[in-house]
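**Q** Input structure: protein_8.txt, which contains compact mmCIF, C-alpha atoms and all ligand atoms.
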```
# COMPACT_ATOMS: atom_id res chain seq x y z
CA MET A 86 -9.74 -2.56 -34.38
CA ALA A 87 -9.39 -1.92 -30.69
CA ASP A 88 -11.87 0.54 -29.36
CA LEU A 89 -10.14 3.73 -28.26
CA PHE A 90 -12.30 3.83 -25.16
CA GLU A 91 -12.04 0.18 -24.43
CA VAL A 92 -12.48 -0.40 -20.73
CA GLN A 93 -9.83 -2.65 -19.30
CA SER A 94 -11.05 -5.60 -17.35
CA CYS A 95 -10.19 -6.88 -13.91
CA ASP A 96 -7.23 -9.30 -13.71
CA LYS A 97 -9.24 -11.71 -11.60
CA CYS A 98 -12.65 -11.63 -13.31
CA ARG A 99 -14.08 -10.20 -16.50
CA ASN A 100 -15.77 -7.23 -14.93
CA PRO A 101 -14.64 -3.77 -15.95
CA ALA A 102 -11.73 -2.45 -13.91
CA ILE A 103 -12.24 0.66 -11.82
CA HIS A 104 -8.71 0.89 -10.51
CA HIS A 105 -5.17 0.43 -11.73
CA GLN A 106 -2.95 -0.45 -8.80
CA VAL A 107 0.24 0.97 -10.28
CA TYR A 108 2.60 -0.29 -7.56
CA SER A 109 1.50 -3.89 -8.15
CA GLY A 110 0.55 -3.66 -11.82
CA ARG A 111 -2.94 -5.05 -11.14
CA MET A 112 -6.21 -3.97 -12.75
CA MET A 113 -9.14 -4.33 -10.40
CA CYS A 114 -12.92 -4.27 -10.44
CA GLY A 115 -14.84 -2.86 -7.47
CA SER A 116 -15.30 -6.13 -5.66
CA HIS A 117 -11.74 -7.35 -6.16
CA LEU A 118 -10.44 -4.01 -4.98
CA ALA A 119 -12.66 -4.36 -1.91
CA ASP A 120 -11.21 -7.85 -1.40
CA SER A 121 -7.70 -6.51 -1.52
CA VAL A 122 -8.50 -3.74 0.99
CA ARG A 123 -10.17 -6.24 3.32
CA LYS A 124 -7.18 -8.57 3.20
CA LYS A 125 -4.68 -5.83 3.98
CA VAL A 126 -6.71 -4.49 6.89
CA THR A 127 -7.29 -7.96 8.32
CA LYS A 128 -3.58 -8.74 8.15
CA ALA A 129 -2.67 -5.43 9.80
CA LEU A 130 -5.26 -5.95 12.52
CA ARG A 131 -3.87 -9.39 13.23
CA GLU A 132 -0.35 -7.98 13.48
CA GLN A 133 -1.21 -4.91 15.51
CA LEU A 134 -3.96 -5.98 17.85
CA THR A 135 -3.48 -8.47 20.65
CA VAL A 136 -6.62 -9.04 22.68
CA PRO A 137 -5.88 -10.76 25.99
CA LYS A 138 -7.97 -13.85 26.72
CA ASN A 139 -10.71 -13.85 29.36
CA SER A 140 -10.97 -10.13 29.89
CA ASP A 141 -13.16 -7.36 28.58
CA PHE A 142 -11.42 -5.30 25.98
CA THR A 143 -12.45 -1.90 24.63
CA ILE A 144 -11.38 -0.40 21.33
CA LEU A 145 -11.92 3.30 20.75
CA VAL A 146 -12.13 3.97 17.03
CA ALA A 147 -11.39 7.63 16.36
CA ILE A 148 -13.87 8.70 13.70
CA SER A 149 -14.33 12.01 11.91
CA GLY A 150 -17.12 11.44 9.40
CA GLY A 151 -14.51 11.17 6.64
CA LYS A 152 -13.77 8.16 4.45
CA ASP A 153 -10.71 6.79 6.24
CA SER A 154 -12.19 6.46 9.69
CA ALA A 155 -15.49 5.22 8.21
CA VAL A 156 -13.67 2.36 6.49
CA LEU A 157 -11.68 1.72 9.66
CA LEU A 158 -14.80 1.42 11.81
CA GLU A 159 -16.65 -0.69 9.24
CA ARG A 160 -13.70 -3.12 9.04
CA ILE A 161 -13.13 -3.36 12.80
CA HIS A 162 -16.84 -3.86 13.37
CA GLU A 163 -17.01 -6.57 10.71
CA ARG A 164 -13.95 -8.40 12.08
CA LEU A 165 -14.54 -8.03 15.82
CA GLY A 166 -18.10 -6.78 16.33
CA LYS A 167 -19.47 -10.22 17.17
CA ARG A 168 -16.96 -10.94 19.94
CA ARG A 169 -18.58 -10.74 23.36
CA ASP A 170 -15.34 -9.78 25.09
CA ILE A 171 -14.74 -6.80 22.80
CA THR A 172 -16.53 -3.45 22.98
CA ILE A 173 -16.15 -1.10 20.05
CA VAL A 174 -16.82 2.61 20.53
CA GLY A 175 -16.76 5.27 17.80
CA GLY A 176 -15.42 8.56 19.15
CA CYS A 177 -15.52 11.90 17.37
CA VAL A 178 -13.83 15.13 18.47
CA ASP A 179 -15.82 18.29 17.75
CA GLU A 180 -13.30 21.04 16.96
CA GLY A 181 -15.92 23.75 16.60
CA ILE A 182 -15.68 24.46 12.86
CA GLU A 183 -18.85 25.87 11.39
CA GLY A 184 -20.05 24.39 8.11
CA TYR A 185 -17.62 21.48 8.34
CA ARG A 186 -17.93 19.73 11.67
CA PRO A 187 -21.73 19.57 12.12
CA PRO A 188 -22.38 17.66 8.85
CA SER A 189 -19.35 15.39 9.28
CA LEU A 190 -20.34 14.66 12.87
CA GLU A 191 -23.73 13.65 11.53
CA CYS A 192 -22.08 11.19 9.09
CA ALA A 193 -20.07 9.72 11.95
CA ARG A 194 -23.21 9.36 14.07
CA GLN A 195 -25.11 7.74 11.20
CA LEU A 196 -22.35 5.24 10.57
CA CYS A 197 -22.29 4.22 14.24
CA GLU A 198 -26.05 3.94 14.28
CA SER A 199 -26.13 1.78 11.17
CA LEU A 200 -23.52 -0.57 12.66
CA GLY A 201 -25.02 -0.53 16.15
CA VAL A 202 -21.82 0.90 17.63
CA ARG A 203 -21.81 3.23 20.65
CA PHE A 204 -21.03 6.82 19.66
CA GLU A 205 -19.23 9.38 21.82
CA THR A 206 -18.17 12.96 21.19
CA VAL A 207 -16.23 15.63 23.01
CA SER A 208 -15.89 19.30 22.05
CA TYR A 209 -12.92 21.62 22.43
CA PRO A 210 -14.71 23.83 24.98
CA GLU A 211 -15.48 20.72 27.05
CA LEU A 212 -11.74 20.07 27.09
CA GLY A 213 -10.96 23.65 28.07
CA PHE A 214 -9.81 24.76 24.60
CA LYS A 215 -11.33 27.44 22.42
CA GLU A 216 -13.36 26.37 19.37
CA MET A 217 -11.21 26.27 16.22
CA ASP A 218 -13.17 29.09 14.54
CA GLU A 219 -12.18 31.29 17.47
CA VAL A 220 -8.58 30.06 17.45
CA VAL A 221 -8.35 31.02 13.77
CA GLY A 222 -9.68 34.51 14.57
CA LYS A 223 -7.00 34.91 17.24
CA ILE A 224 -4.26 33.67 14.92
CA ILE A 225 -5.20 36.28 12.31
CA GLU A 226 -5.56 39.02 14.91
CA SER A 227 -2.20 38.39 16.53
CA GLY A 228 -0.23 37.68 13.34
CA ASP A 229 0.72 34.25 14.75
CA LYS A 230 2.98 32.33 12.35
CA LYS A 231 1.55 28.95 13.32
CA THR A 232 -1.19 27.40 11.18
CA PRO A 233 -4.62 26.51 12.60
CA CYS A 234 -3.73 22.84 12.14
CA SER A 235 -0.75 23.04 14.46
CA TYR A 236 -3.14 23.99 17.27
CA CYS A 237 -5.90 21.70 16.15
CA GLY A 238 -3.72 18.61 15.81
CA VAL A 239 -2.49 18.97 19.39
CA PHE A 240 -5.95 19.72 20.80
CA ARG A 241 -7.50 16.83 18.92
CA ARG A 242 -4.96 14.41 20.35
CA GLN A 243 -6.07 15.52 23.83
CA GLY A 244 -9.66 14.99 22.76
CA ILE A 245 -8.98 11.44 21.66
CA ASN A 246 -7.12 10.71 24.91
CA HIS A 247 -10.07 12.14 26.81
CA LEU A 248 -12.53 9.88 24.98
CA ALA A 249 -10.24 6.92 25.55
CA ASP A 250 -10.28 7.63 29.30
CA ARG A 251 -14.04 8.11 29.29
CA VAL A 252 -14.75 4.74 27.71
CA GLY A 253 -11.84 2.92 29.38
CA ALA A 254 -10.19 2.11 26.06
CA ASP A 255 -7.44 -0.50 25.98
CA VAL A 256 -6.47 0.53 22.50
CA ILE A 257 -7.16 3.44 20.15
CA ALA A 258 -7.59 2.78 16.44
CA LEU A 259 -6.72 5.62 14.07
CA GLY A 260 -7.63 5.86 10.38
CA HIS A 261 -4.24 6.85 8.94
CA ASN A 262 -3.82 5.52 5.43
CA LEU A 263 -0.63 4.78 3.49
CA ASP A 264 -0.40 8.32 2.12
CA ASP A 265 -0.83 9.85 5.59
CA MET A 266 1.88 7.63 6.98
CA ALA A 267 4.30 8.41 4.16
CA GLN A 268 3.64 12.15 4.58
CA THR A 269 4.27 11.99 8.32
CA ILE A 270 7.49 10.05 7.85
CA MET A 271 8.68 12.61 5.29
CA MET A 272 7.85 15.47 7.63
CA ASN A 273 9.72 13.82 10.49
CA MET A 274 12.72 13.26 8.25
CA GLN A 275 12.63 16.83 7.07
CA ASN A 276 12.67 17.99 10.69
CA GLY A 277 15.31 15.43 11.61
CA ASP A 278 12.87 14.23 14.23
CA LEU A 279 13.94 10.71 15.05
CA GLU A 280 12.06 10.64 18.33
CA ARG A 281 8.76 11.22 16.59
CA THR A 282 9.55 8.50 14.08
CA LEU A 283 10.19 6.14 16.99
CA ARG A 284 6.86 7.09 18.54
CA LEU A 285 4.88 6.45 15.34
CA ALA A 286 1.90 4.13 15.64
CA PRO A 287 1.37 1.18 15.73
CA HIS A 288 2.56 0.82 19.30
CA THR A 289 2.00 -2.93 19.47
CA SER A 290 5.62 -3.83 20.07
CA THR A 291 6.70 -0.37 21.23
CA PRO A 292 4.17 0.72 23.88
CA LEU A 293 4.40 4.30 25.16
CA GLU A 294 4.17 4.96 28.87
CA GLY A 295 0.91 6.38 30.23
CA MET A 296 -1.03 6.17 26.99
CA ALA A 297 -3.44 3.68 25.45
CA PRO A 298 -1.54 2.22 22.50
CA ARG A 299 -2.54 3.35 19.03
CA ILE A 300 -3.10 0.99 16.15
CA VAL A 301 -3.33 2.03 12.49
CA PRO A 302 -4.87 -0.87 10.58
CA LEU A 303 -5.25 1.08 7.31
CA ARG A 304 -1.60 2.01 7.12
CA TRP A 305 -0.79 -0.13 4.08
CA VAL A 306 -3.85 0.98 2.08
CA PRO A 307 -3.46 3.99 -0.25
CA GLU A 308 -5.90 6.84 0.22
CA GLN A 309 -7.43 6.39 -3.23
CA GLU A 310 -8.23 2.74 -2.56
CA ILE A 311 -9.88 3.62 0.73
CA HIS A 312 -12.00 6.16 -1.07
CA LEU A 313 -13.07 3.63 -3.69
CA TYR A 314 -13.80 1.07 -0.97
CA ALA A 315 -15.96 3.56 0.95
CA LEU A 316 -17.94 4.31 -2.22
CA HIS A 317 -18.23 0.60 -3.06
CA LYS A 318 -19.63 -0.08 0.43
CA LYS A 319 -21.82 3.05 0.26
CA LEU A 320 -20.63 4.23 3.66
CA PRO A 321 -22.04 7.57 4.84
CA ILE A 322 -19.08 9.92 4.41
CA HIS A 323 -18.56 13.63 4.40
CA HIS A 324 -16.56 14.78 1.37
CA GLU A 325 -15.78 18.41 2.16
CA GLU A 326 -12.40 19.46 3.48
CA CYS A 327 -11.97 21.61 6.56
CA PRO A 328 -11.91 25.33 5.62
CA HIS A 329 -8.93 25.98 7.92
CA GLY A 330 -6.72 23.31 6.37
CA GLU A 331 -5.36 25.44 3.57
CA GLY A 332 -1.73 26.39 3.88
CA ALA A 333 -0.95 23.48 6.16
CA LEU A 334 2.44 21.98 5.44
CA ARG A 335 0.79 18.59 5.20
CA PHE A 336 -0.88 19.58 1.94
CA ARG A 337 2.46 20.31 0.34
CA HIS A 338 3.76 17.01 1.61
CA ARG A 339 0.73 15.38 0.05
CA GLU A 340 1.75 16.80 -3.34
CA THR A 341 5.39 15.83 -2.88
CA ILE A 342 4.55 12.25 -1.96
CA ALA A 343 2.08 11.99 -4.85
CA MET A 344 4.78 13.20 -7.25
CA MET A 345 7.38 10.80 -5.88
CA GLU A 346 4.90 7.93 -6.05
CA ALA A 347 4.07 8.78 -9.68
CA ASP A 348 7.80 8.80 -10.55
CA VAL A 349 8.67 5.72 -8.55
CA PRO A 350 5.66 3.54 -7.75
CA GLY A 351 6.14 1.95 -4.34
CA THR A 352 7.70 5.07 -2.73
CA ARG A 353 5.05 5.19 0.00
CA HIS A 354 5.56 1.54 0.90
CA GLY A 355 9.31 2.15 0.94
CA LEU A 356 9.07 5.06 3.34
CA LEU A 357 6.87 3.07 5.67
CA ARG A 358 9.13 0.03 5.63
CA MET A 359 12.09 2.29 6.33
CA ALA A 360 10.39 3.80 9.39
CA ASP A 361 9.45 0.31 10.61
CA ASP A 362 13.06 -0.79 10.30
CA VAL A 363 14.29 2.25 12.20
CA LYS A 364 11.78 1.51 14.98
CA LYS A 365 12.84 -2.10 15.08
CA LEU A 366 16.54 -1.25 15.14
CA HIS A 367 15.94 1.10 18.03
CA ALA A 368 13.82 -1.40 19.94
CA ASP A 369 16.62 -3.98 19.58
CA SER A 370 19.36 -1.55 20.53
CA GLU A 371 20.83 -0.80 23.93
CA ILE A 372 19.54 2.76 23.97
CA LYS A 373 16.00 2.15 25.08
CA ARG A 374 14.63 5.64 25.26
CA LEU A 375 15.67 9.05 24.01
CA SER A 376 13.80 10.91 26.73
CA THR A 377 11.75 9.76 29.69
CA PRO A 378 8.16 10.99 29.59
CA ILE A 379 6.90 12.97 32.57
CA SER A 380 3.39 13.78 33.70
CA CYS A 381 2.39 17.27 32.51
CA PRO A 382 1.95 19.66 35.47
CA GLY A 383 -0.94 21.34 33.62
CA CYS A 384 -3.15 18.40 32.76
CA GLY A 385 -1.48 15.24 34.01
CA GLN A 386 -1.04 13.61 30.58
CA MET A 387 2.29 12.03 29.77
CA CYS A 388 4.58 14.27 27.75
CA SER A 389 8.22 14.68 26.86
CA GLY A 390 8.77 18.37 27.66
CA LYS A 391 8.21 20.50 30.78
CA LEU A 392 4.60 21.17 29.85
CA CYS A 393 2.63 19.16 27.30
CA LYS A 394 2.10 20.64 23.84
CA ALA A 395 -1.64 21.05 24.43
CA CYS A 396 -1.17 23.07 27.63
CA GLU A 397 1.54 25.10 25.93
CA MET A 398 -0.72 25.96 23.00
CA LYS A 399 -3.73 26.53 25.21
CA ALA A 400 -1.72 29.16 27.09
CA LEU A 401 -0.88 30.88 23.80
CA MET A 402 -4.59 31.32 23.18
CA GLU A 403 -5.36 32.91 26.58
S1 LIG A 501 -7.64 20.70 8.65
FE1 LIG A 501 -6.51 21.52 10.39
S2 LIG A 501 -7.93 22.91 11.42
FE2 LIG A 501 -9.14 21.60 10.07
S3 LIG A 501 -9.81 19.89 11.35
FE3 LIG A 501 -7.90 19.26 10.34
S4 LIG A 501 -6.28 19.79 11.79
FE4 LIG A 501 -8.15 20.90 12.41
ZN ZN A 502 -12.74 -8.51 -10.49
ZN ZN A 503 -0.79 19.29 29.70
```
How would this structure read if it were set down as structure tokens?

**A**
Amino acid sequence: MADLFEVQSCDKCRNPAIHHQVYSGRMMCGSHLADSVRKKVTKALREQLTVPKNSDFTILVAISGGKDSAVLLERIHERLGKRRDITIVGGCVDEGIEGYRPPSLECARQLCESLGVRFETVSYPELGFKEMDEVVGKIIESGDKKTPCSYCGVFRRQGINHLADRVGADVIALGHNLDDMAQTIMMNMQNGDLERTLRLAPHTSTPLEGMAPRIVPLRWVPEQEIHLYALHKKLPIHHEECPHGEGALRFRHRETIAMMEADVPGTRHGLLRMADDVKKLHADSEIKRLSTPISCPGCGQMCSGKLCKACEMKALME
């Protein structure tokens, strides 16, 4: 009689499976899951990253202390860390969130130390923004309808650009996973925001003016698999969520995408392929750009409006 609690075994070896990859039908043990993650990231890196010959090349890996960026840095370091012409820097933005940022910053620092990667940080006050804890206080006080994350997301982008300038980055690697990408694409669709879909990373074949191109090597790997990989590799990661994240629209999108994926496995891949096709169609079309970026009069960064979003939001906090 079959044991009710029989553990299924890995498709590729006899070890017990720790993961059922529903969209492919595979059962996987820890090391075969790790293999699959490695393969996907390597392939994406090959597609997204072109390192010119005979010149020094710097990659800024945006890290947060969380699992995604930890896996990203570990993979990039493993693949490219030995190359003499490539410098890898781990950069962390300190938003000023008590109880959350200090321990996660520590994880990020530890990871860099253990890999022998240079570590850089920049804080919101250093960038001229208020710390997030203070921003949240102001939001509550003034009855602002915007969520903390709508400020934080914009400020953090400035922070990453700042770090990229500081280290002279040729490319910025971001830890967005498959779920993140699918959520973003859904949000853009919901807002009818084609322009943002066109500006989605990776920027390998669609570079944006005045900005170091972003690559997203984890974009085909589901969040859950990244988590399992991080545990399998025993990477130092911070597990807590930011206390100001609640109520962010992204969390509802997370639920929606999870539900759609459960109903129709492969939904996330489909959304991503769709966005890629739209980008490709646009790149091949006659209409080359929807709007020409200008240099922000407030801070000099390239933006699409009169004033960049960061300067706009900074002014709201004055
Ligand atoms: S959850 Fe929101 S407020 Fe917290 S770090 Fe992320 S973007 Fe910032
Ligand atoms: Zn196996
Ligand atoms: Zn600006």

**Q** I'd like the neighbourhood of Ile224 of chain A as an MDAnalysis selection string, where a residue qualifies if any of its atoms comes within 12 Å (using all atoms listed in the file), though same-chain residues fewer than 4 positions away should be ignored.

**A** chainID A and resid 217:220 228:236 329 398 401:403

**Q** Could you name the residues that touch Gly213 of chain A at 10 Å or less, counting all atoms listed in the file, but leaving out those on the same chain fewer than 5 positions away, as a VMD selection string?

**A** chain A and resid 208 240 396 399

**Q** Which residues form the shell of 10 Å around ligand ZN 503 (chain A) when you count only C-alpha atoms and all ligand atoms, given as an NGL selection string?

**A** :A and (243 or 380-388 or 390-399)

**Q** Could you check the closest approach to Glu294 of chain A for each of A:Gly355, A:Gly176, A:Pro378, A:Pro321 and tell me which residue wins, using all atoms listed in the file?

**A**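 Looking only at the distances to Glu294 of chain A, the closest residue turns out to be A:Pro378.
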
**Q** Quick one: contact table of chain A to ligand ZN 502 (chain A), 10 Å max, nearest atom pair and distance in Å to one decimal per residue, counting all atoms listed in the file, chain and number order, as a Markdown table?

**A**
```
| residue | atom | partner | partner_atom | distance |
| --- | --- | --- | --- | --- |
| A:Ser94 | CA | A:ZN502 | ZN | 7.6 |
| A:Cys95 | CA | A:ZN502 | ZN | 4.6 |
| A:Asp96 | CA | A:ZN502 | ZN | 6.4 |
| A:Lys97 | CA | A:ZN502 | ZN | 4.9 |
| A:Cys98 | CA | A:ZN502 | ZN | 4.2 |
| A:Arg99 | CA | A:ZN502 | ZN | 6.4 |
| A:Asn100 | CA | A:ZN502 | ZN | 5.5 |
| A:Pro101 | CA | A:ZN502 | ZN | 7.5 |
| A:Ala102 | CA | A:ZN502 | ZN | 7.0 |
| A:Ile103 | CA | A:ZN502 | ZN | 9.3 |
| A:Met112 | CA | A:ZN502 | ZN | 8.3 |
| A:Met113 | CA | A:ZN502 | ZN | 5.5 |
| A:Cys114 | CA | A:ZN502 | ZN | 4.2 |
| A:Gly115 | CA | A:ZN502 | ZN | 6.7 |
| A:Ser116 | CA | A:ZN502 | ZN | 6.0 |
| A:His117 | CA | A:ZN502 | ZN | 4.6 |
| A:Leu118 | CA | A:ZN502 | ZN | 7.5 |
| A:Ala119 | CA | A:ZN502 | ZN | 9.5 |
| A:Asp120 | CA | A:ZN502 | ZN | 9.2 |
```

**Q** At what distance in Å, to one decimal, does atom CA of Lys138 of chain A lie from atom CA of Cys177 of chain A?

**A**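 Those two atoms sit 28.4 Å apart.
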
**Q** Using all atoms listed in the file, which of the listed residues (A:Ile144, A:Ala347, A:Ala267, A:Cys237) sits closest to ligand LIG 501 (chain A)?

**A** A:Cys237

**Q** Just to confirm, what's the straight-line distance from atom CA of Ile379 of chain A to atom CA of Leu259 of chain A in Å (one decimal)?

**A**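 Computing it gives 24.1 Å between the two atoms.
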
**Q** Could you list, with a cut-off of 12 Å and counting only C-alpha atoms, the residues of segment 280-340 of chain A near segment 157-160 of chain A, each shown with its nearest atom pair and the distance in Å rounded to one decimal, rows sorted by chain and ascending number, as a Markdown table?

**A**
```
| residue | atom | partner | partner_atom | distance |
| --- | --- | --- | --- | --- |
| A:Ile300 | CA | A:Leu157 | CA | 10.8 |
| A:Val301 | CA | A:Leu157 | CA | 8.8 |
| A:Pro302 | CA | A:Leu157 | CA | 7.3 |
| A:Leu303 | CA | A:Leu157 | CA | 6.9 |
| A:Arg304 | CA | A:Leu157 | CA | 10.4 |
| A:Val306 | CA | A:Leu157 | CA | 10.9 |
| A:Ile311 | CA | A:Leu157 | CA | 9.3 |
| A:His312 | CA | A:Leu157 | CA | 11.6 |
| A:Tyr314 | CA | A:Glu159 | CA | 10.7 |
| A:Ala315 | CA | A:Glu159 | CA | 9.3 |
| A:Lys318 | CA | A:Glu159 | CA | 9.3 |
| A:Lys319 | CA | A:Glu159 | CA | 11.0 |
| A:Leu320 | CA | A:Glu159 | CA | 8.4 |
| A:Pro321 | CA | A:Glu159 | CA | 10.8 |
| A:Ile322 | CA | A:Glu159 | CA | 11.9 |
```

**Q** Please produce a file of those selected residues containing C-alpha atoms, as a PDB file, in the coordinates of the input.

**A**
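Output contents, as saved in out01.pdb:
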```pdb
ATOM      1  CA  ILE A 300      -3.100   0.990  16.150  1.00  0.00           C
ATOM      2  CA  VAL A 301      -3.330   2.030  12.490  1.00  0.00           C
ATOM      3  CA  PRO A 302      -4.870  -0.870  10.580  1.00  0.00           C
ATOM      4  CA  LEU A 303      -5.250   1.080   7.310  1.00  0.00           C
ATOM      5  CA  ARG A 304      -1.600   2.010   7.120  1.00  0.00           C
ATOM      6  CA  VAL A 306      -3.850   0.980   2.080  1.00  0.00           C
ATOM      7  CA  ILE A 311      -9.880   3.620   0.730  1.00  0.00           C
ATOM      8  CA  HIS A 312     -12.000   6.160  -1.070  1.00  0.00           C
ATOM      9  CA  TYR A 314     -13.800   1.070  -0.970  1.00  0.00           C
ATOM     10  CA  ALA A 315     -15.960   3.560   0.950  1.00  0.00           C
ATOM     11  CA  LYS A 318     -19.630  -0.080   0.430  1.00  0.00           C
ATOM     12  CA  LYS A 319     -21.820   3.050   0.260  1.00  0.00           C
ATOM     13  CA  LEU A 320     -20.630   4.230   3.660  1.00  0.00           C
ATOM     14  CA  PRO A 321     -22.040   7.570   4.840  1.00  0.00           C
ATOM     15  CA  ILE A 322     -19.080   9.920   4.410  1.00  0.00           C
TER      16      ILE A 322
END
```

**Q** Using only C-alpha atoms and all ligand atoms, can you tell me which of A:Val221, A:Ala286, A:Met266, A:Met344 comes closest to ligand LIG 501 (chain A)?

**A**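 Among the listed residues, the smallest separation from ligand LIG 501 (chain A) belongs to A:Val221.
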
**Q** Using all atoms listed in the file for the distances, tell me which of A:Asp255, A:Asp170, A:Glu325, A:Asp264 is nearest to ligand LIG 501 (chain A).

**A**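 Once distances to ligand LIG 501 (chain A) are computed over all atoms listed in the file, the minimum belongs to A:Glu325.
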
**Q** My list of candidates is A:His317, A:His288, A:His261, A:Arg241. Which is closest to ligand LIG 501 (chain A) when distances are computed with all atoms listed in the file?

**A**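 Residue with the minimum atom-to-atom distance to ligand LIG 501 (chain A): A:Arg241.
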